[in-house]
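**Student:** Would you mind keeping the following structure in view while I ask a few things?
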Amino acid sequence: MKQSYFIADLHLTENRPDITAAFFNFLDSKIINDDVDALYILGDFFEVWVGDDYQTELSKSVAARLRQVSKSGTEVFFIHGNRDFIMREDYAKSASMTLLPEQVVIDLYGTPTVILHGDEMCTQDVEYQKFRKKSRVWWWPKLMLAMPLWYRKKIARNAREKSKQSQAGKALEILDVTEDAVLAMFEKHQVTNMIHGHTHRPNVHHYNLADKTLTRTVLGDWYEQGSYLRVTPEQQKLVHTPFKSLTF
């Protein structure tokens, strides 16, 4: 059977082994032993990424599992999120993943579909958008990766703490995508189907525009559940499974 899976916002970290266990179970039960065309990881796969030169037991075990996925015949694709946007080819190759642009249109069983992490559509969060613009220019990642590893770790810790404090004082609406940005994304790529993560608000949204029905699917995070989108030529199904079941 033709099928593809989409996930995002796992925020893998040593502090949450339950998330890693749920992810590995997901791979075993839904990907490795089934006939799956592709697995798309749409960003914030890891809680933090300070460079491909910093390898942990977690990052190594994840890479090994993704290599198994690739060997089983499933292509693995990765789009950077706001937590792991400095991941580079070294780690991608070790995990048998293909890095994709931050916005890309794929042919999803005959339906042109734009896939992305989604943070660029949260335009009401002006403070974050300023940082995003600065950090995505060509020289910023190079500058970061040229710094000593210990210093990058320190910057990452400080940035995470600052982000928590900043988000705590913002209304939920500010942290969500705006309709204008969503419609502009549809218009930019001339598609009627979109899949993204980032907001941790899993849902399927529909818009009517110029006699067209536009569909936007938001992937869920993995803090309390396993969340994925399964797509076949016939349908798109958004699924959430509590960790306690671990059966998917």
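Ligands are numbered from 1 in the order shown, chains are lettered A, B, ... in the order of the structure tokens, and residues start at 1 in each chain.
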Taking 6 positions as the minimum chain separation for residues in the same chain, which residues sit within 7 Å of A:Asp84 when counting only C-alpha atoms? Answer as a list in words.

**Tutor:**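 That gives Gly43, Asp44, Phe46, Val48 and Trp49 of chain A.
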
**Student:** Rank nothing, just name the residue among A:Ile195, A:Val218, A:Leu100, A:Val231 nearest to A:Val36, using only C-alpha atoms.

**Tutor:**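 Of A:Ile195, A:Val218, A:Leu100, A:Val231, the one nearest A:Val36 is A:Val231, counting only C-alpha atoms.
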
**Student:** Please list as a list of chain:residue names every residue within 9 Å of A:Met1, counting only C-alpha atoms and excluding residues in the same chain fewer than 4 positions away.

**Tutor:** A:Asp34, A:Asp35, A:Val36, A:Asp37, A:Thr232

**Student:** Can I get the selected residues back with all heavy atoms, as a PDB file, in the first residue's frame?

**Tutor:**
ATOM      1  N   ASP A  34       6.232  -2.066   7.757  1.00  0.00           N
ATOM      2  CA  ASP A  34       5.177  -1.814   6.781  1.00  0.00           C
ATOM      3  C   ASP A  34       5.790  -1.346   5.465  1.00  0.00           C
ATOM      4  O   ASP A  34       6.969  -1.000   5.389  1.00  0.00           O
ATOM      5  CB  ASP A  34       4.192  -0.759   7.299  1.00  0.00           C
ATOM      6  CG  ASP A  34       3.167  -1.349   8.264  1.00  0.00           C
ATOM      7  OD1 ASP A  34       3.174  -2.583   8.409  1.00  0.00           O
ATOM      8  OD2 ASP A  34       2.401  -0.585   8.858  1.00  0.00           O
ATOM      9  N   ASP A  35       4.968  -1.318   4.431  1.00  0.00           N
ATOM     10  CA  ASP A  35       5.388  -0.807   3.126  1.00  0.00           C
ATOM     11  C   ASP A  35       5.122   0.695   3.101  1.00  0.00           C
ATOM     12  O   ASP A  35       4.023   1.138   2.770  1.00  0.00           O
ATOM     13  CB  ASP A  35       4.604  -1.526   2.024  1.00  0.00           C
ATOM     14  CG  ASP A  35       5.049  -1.093   0.635  1.00  0.00           C
ATOM     15  OD1 ASP A  35       6.139  -0.501   0.537  1.00  0.00           O
ATOM     16  OD2 ASP A  35       4.312  -1.342  -0.331  1.00  0.00           O
ATOM     17  N   VAL A  36       6.127   1.479   3.494  1.00  0.00           N
ATOM     18  CA  VAL A  36       5.972   2.928   3.620  1.00  0.00           C
ATOM     19  C   VAL A  36       6.911   3.619   2.635  1.00  0.00           C
ATOM     20  O   VAL A  36       8.100   3.315   2.576  1.00  0.00           O
ATOM     21  CB  VAL A  36       6.274   3.393   5.063  1.00  0.00           C
ATOM     22  CG1 VAL A  36       6.194   4.907   5.170  1.00  0.00           C
ATOM     23  CG2 VAL A  36       5.308   2.737   6.043  1.00  0.00           C
ATOM     24  N   ASP A  37       6.369   4.558   1.880  1.00  0.00           N
ATOM     25  CA  ASP A  37       7.175   5.270   0.890  1.00  0.00           C
ATOM     26  C   ASP A  37       8.143   6.251   1.537  1.00  0.00           C
ATOM     27  O   ASP A  37       9.315   6.321   1.167  1.00  0.00           O
ATOM     28  CB  ASP A  37       6.261   6.038  -0.082  1.00  0.00           C
ATOM     29  CG  ASP A  37       5.391   5.108  -0.892  1.00  0.00           C
ATOM     30  OD1 ASP A  37       5.894   4.061  -1.341  1.00  0.00           O
ATOM     31  OD2 ASP A  37       4.193   5.412  -1.076  1.00  0.00           O
ATOM     32  N   THR A 232      -2.339   8.453   2.423  1.00  0.00           N
ATOM     33  CA  THR A 232      -2.416   7.477   1.340  1.00  0.00           C
ATOM     34  C   THR A 232      -3.009   8.196   0.136  1.00  0.00           C
ATOM     35  O   THR A 232      -3.444   9.343   0.241  1.00  0.00           O
ATOM     36  CB  THR A 232      -3.318   6.289   1.735  1.00  0.00           C
ATOM     37  OG1 THR A 232      -4.673   6.751   1.839  1.00  0.00           O
ATOM     38  CG2 THR A 232      -2.860   5.674   3.047  1.00  0.00           C
TER      39      THR A 232
END

**Student:** Using atom CA of A:Pro233 and atom CA of A:Phe186 as the two end points, give the distance in Å to one decimal.

**Tutor:**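 So the answer is 21.0 Å.
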
**Student:** Could you state the separation of atom CA of A:Asp221 and atom CA of A:Arg201 in Å, given to one decimal place?

**Tutor:**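 For atom CA of A:Asp221 relative to atom CA of A:Arg201, the distance reads 7.9 Å.
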
**Student:** Calculated over only C-alpha atoms, which of the candidates A:Thr213, A:Gln55, A:Thr98, A:Gln103 has the smallest distance to A:Asp119?

**Tutor:**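 For A:Asp119, the nearest of the given residues is A:Gln103.
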
**Student:** So, with only C-alpha atoms as the atoms that count, which of A:Met144, A:Val191, A:Met87, A:Leu229 lies closest to A:Lys212?

**Tutor:**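 Distance minimum relative to A:Lys212 lands on A:Val191.
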
**Student:** Env of A:Phe24: 12 Å cut, atoms = only C-alpha atoms, seq-sep filter 2 positions within chain, self excluded. Answer as a PyMOL selection string.

**Tutor:** chain A and resi 10+12+17-22+26-32+58+61-66+68-69+226+243+246-248

**Student:** I'd like the neighbourhood of A:Asp53 as a ChimeraX atom specification, where a residue qualifies if any of its atoms comes within 12 Å (using only C-alpha atoms), though same-chain residues fewer than 4 positions away should be ignored.

**Tutor:** /A:49,59-60,86-91,94,145-150,152-153

**Student:** Kindly indicate which residue among A:Gly118, A:Gly197, A:Pro202, A:Gly51 lies nearest to A:Ala92, using only C-alpha atoms for the distances.

**Tutor:**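 Going through A:Gly118, A:Gly197, A:Pro202, A:Gly51 one by one, the smallest distance to A:Ala92 is for A:Gly51.
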
**Student:** I need the residue nearest A:Thr56 from this list: A:Gln225, A:Thr13, A:Lys130, A:Leu108. Use only C-alpha atoms for the distance.

**Tutor:** A:Thr13

**Student:** For A:Val104, which residue among A:Leu116, A:Val126, A:Leu214, A:Ala184 is the nearest when counting only C-alpha atoms?

**Tutor:**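 That would be A:Leu116, the residue with the smallest distance to A:Val104.
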
**Student:** Running DSSP on the backbone, which parts of stretch 1-242 of chain A land in helix (DSSP H, G or I), as a ChimeraX atom specification?

**Tutor:** /A:17-32,57-71,89-94,119-121,126-135,139-146,149-168,179-189

**Student:** The selected residues should be written to file as a compact mmCIF listing (two decimals), in the first residue's frame (atoms: C-alpha atoms).

**Tutor:**
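The result, written out as out11.txt:
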# COMPACT_ATOMS: atom_id res chain seq x y z
CA PRO A 17 13.29 8.92 27.57
CA ASP A 18 9.57 8.19 27.28
CA ILE A 19 9.39 10.29 24.11
CA THR A 20 12.35 8.46 22.60
CA ALA A 21 10.80 5.10 23.50
CA ALA A 22 7.49 6.13 21.91
CA PHE A 23 9.29 7.28 18.76
CA PHE A 24 11.23 4.03 18.43
CA ASN A 25 8.01 2.08 18.97
CA PHE A 26 6.36 4.17 16.27
CA LEU A 27 9.18 3.33 13.85
CA ASP A 28 8.97 -0.38 14.65
CA SER A 29 5.19 -0.63 14.49
CA LYS A 30 4.35 1.76 11.65
CA ILE A 31 7.41 2.28 9.46
CA ILE A 32 10.01 -0.48 9.49
CA GLU A 57 24.08 8.44 22.99
CA LEU A 58 20.63 9.79 22.14
CA SER A 59 21.61 11.32 18.80
CA LYS A 60 23.59 8.19 17.88
CA SER A 61 20.73 5.82 18.73
CA VAL A 62 18.25 7.96 16.79
CA ALA A 63 20.56 7.97 13.76
CA ALA A 64 20.90 4.18 13.97
CA ARG A 65 17.12 3.71 14.06
CA LEU A 66 16.63 6.04 11.08
CA ARG A 67 19.23 4.08 9.13
CA GLN A 68 17.10 1.00 9.76
CA VAL A 69 14.12 2.88 8.36
CA SER A 70 16.08 3.75 5.24
CA LYS A 71 17.29 0.17 4.82
CA GLU A 89 24.77 17.13 6.27
CA ASP A 90 27.11 15.21 8.57
CA TYR A 91 24.33 14.13 10.90
CA ALA A 92 21.80 13.81 8.09
CA LYS A 93 24.11 11.35 6.32
CA SER A 94 24.71 9.38 9.51
CA ASP A 119 7.32 29.13 12.50
CA GLU A 120 7.60 31.73 9.73
CA MET A 121 3.80 32.01 9.71
CA VAL A 126 7.48 40.15 16.22
CA GLU A 127 10.32 39.50 18.69
CA TYR A 128 10.78 35.93 17.46
CA GLN A 129 10.51 36.89 13.78
CA LYS A 130 13.37 39.36 14.22
CA PHE A 131 15.54 36.60 15.64
CA ARG A 132 14.45 34.18 12.94
CA LYS A 133 15.38 36.61 10.18
CA LYS A 134 18.82 37.16 11.68
CA SER A 135 19.56 33.52 12.40
CA TRP A 139 26.67 33.80 7.95
CA TRP A 140 24.86 33.26 11.26
CA PRO A 141 25.03 29.43 11.37
CA LYS A 142 28.63 29.55 10.16
CA LEU A 143 29.51 31.96 12.95
CA MET A 144 27.78 29.79 15.54
CA LEU A 145 29.41 26.57 14.36
CA ALA A 146 32.85 28.21 14.41
CA LEU A 149 31.38 23.55 21.61
CA TRP A 150 31.22 24.57 25.29
CA TYR A 151 30.26 28.10 24.27
CA ARG A 152 27.56 26.89 21.90
CA LYS A 153 26.07 24.81 24.71
CA LYS A 154 26.02 27.88 26.94
CA ILE A 155 24.35 29.99 24.24
CA ALA A 156 21.74 27.27 23.69
CA ARG A 157 20.92 27.07 27.42
CA ASN A 158 20.59 30.84 27.70
CA ALA A 159 18.49 31.06 24.54
CA ARG A 160 16.14 28.34 25.77
CA GLU A 161 15.68 30.07 29.12
CA LYS A 162 15.03 33.39 27.40
CA SER A 163 12.53 31.74 25.06
CA LYS A 164 10.62 30.21 28.01
CA GLN A 165 10.40 33.58 29.73
CA SER A 166 9.34 35.31 26.54
CA GLN A 167 6.61 32.78 25.73
CA ALA A 168 5.25 32.84 29.28
CA GLU A 179 -4.51 33.61 8.63
CA ASP A 180 -2.89 36.22 6.40
CA ALA A 181 0.44 34.39 6.57
CA VAL A 182 -1.24 31.05 5.90
CA LEU A 183 -3.07 32.31 2.84
CA ALA A 184 0.10 34.02 1.60
CA MET A 185 1.91 30.69 1.88
CA PHE A 186 -0.77 28.95 -0.17
CA GLU A 187 -0.59 31.74 -2.75
CA LYS A 188 3.22 31.71 -2.87
CA HIS A 189 3.41 28.03 -3.69

**Student:** Enumerate as a PyMOL selection string all residues of stretch 123-230 of chain A assigned to strand (DSSP E) by DSSP on the backbone, naming them with the chain letters and numbers the document uses.

**Tutor:** chain A and resi 193-196+203-209+212-218+225-230

**Student:** Would you pick out the contacts of A:Thr178 at 8 Å or less, using only C-alpha atoms, so that residues sharing its chain but fewer than 6 positions from it are not included, and give the list as a VMD selection string?

**Tutor:** chain A and resid 121 to 124

**Student:** One number please: atom CA of A:His198 to atom CA of A:Tyr109, in Å, one decimal.

**Tutor:** 24.4 Å
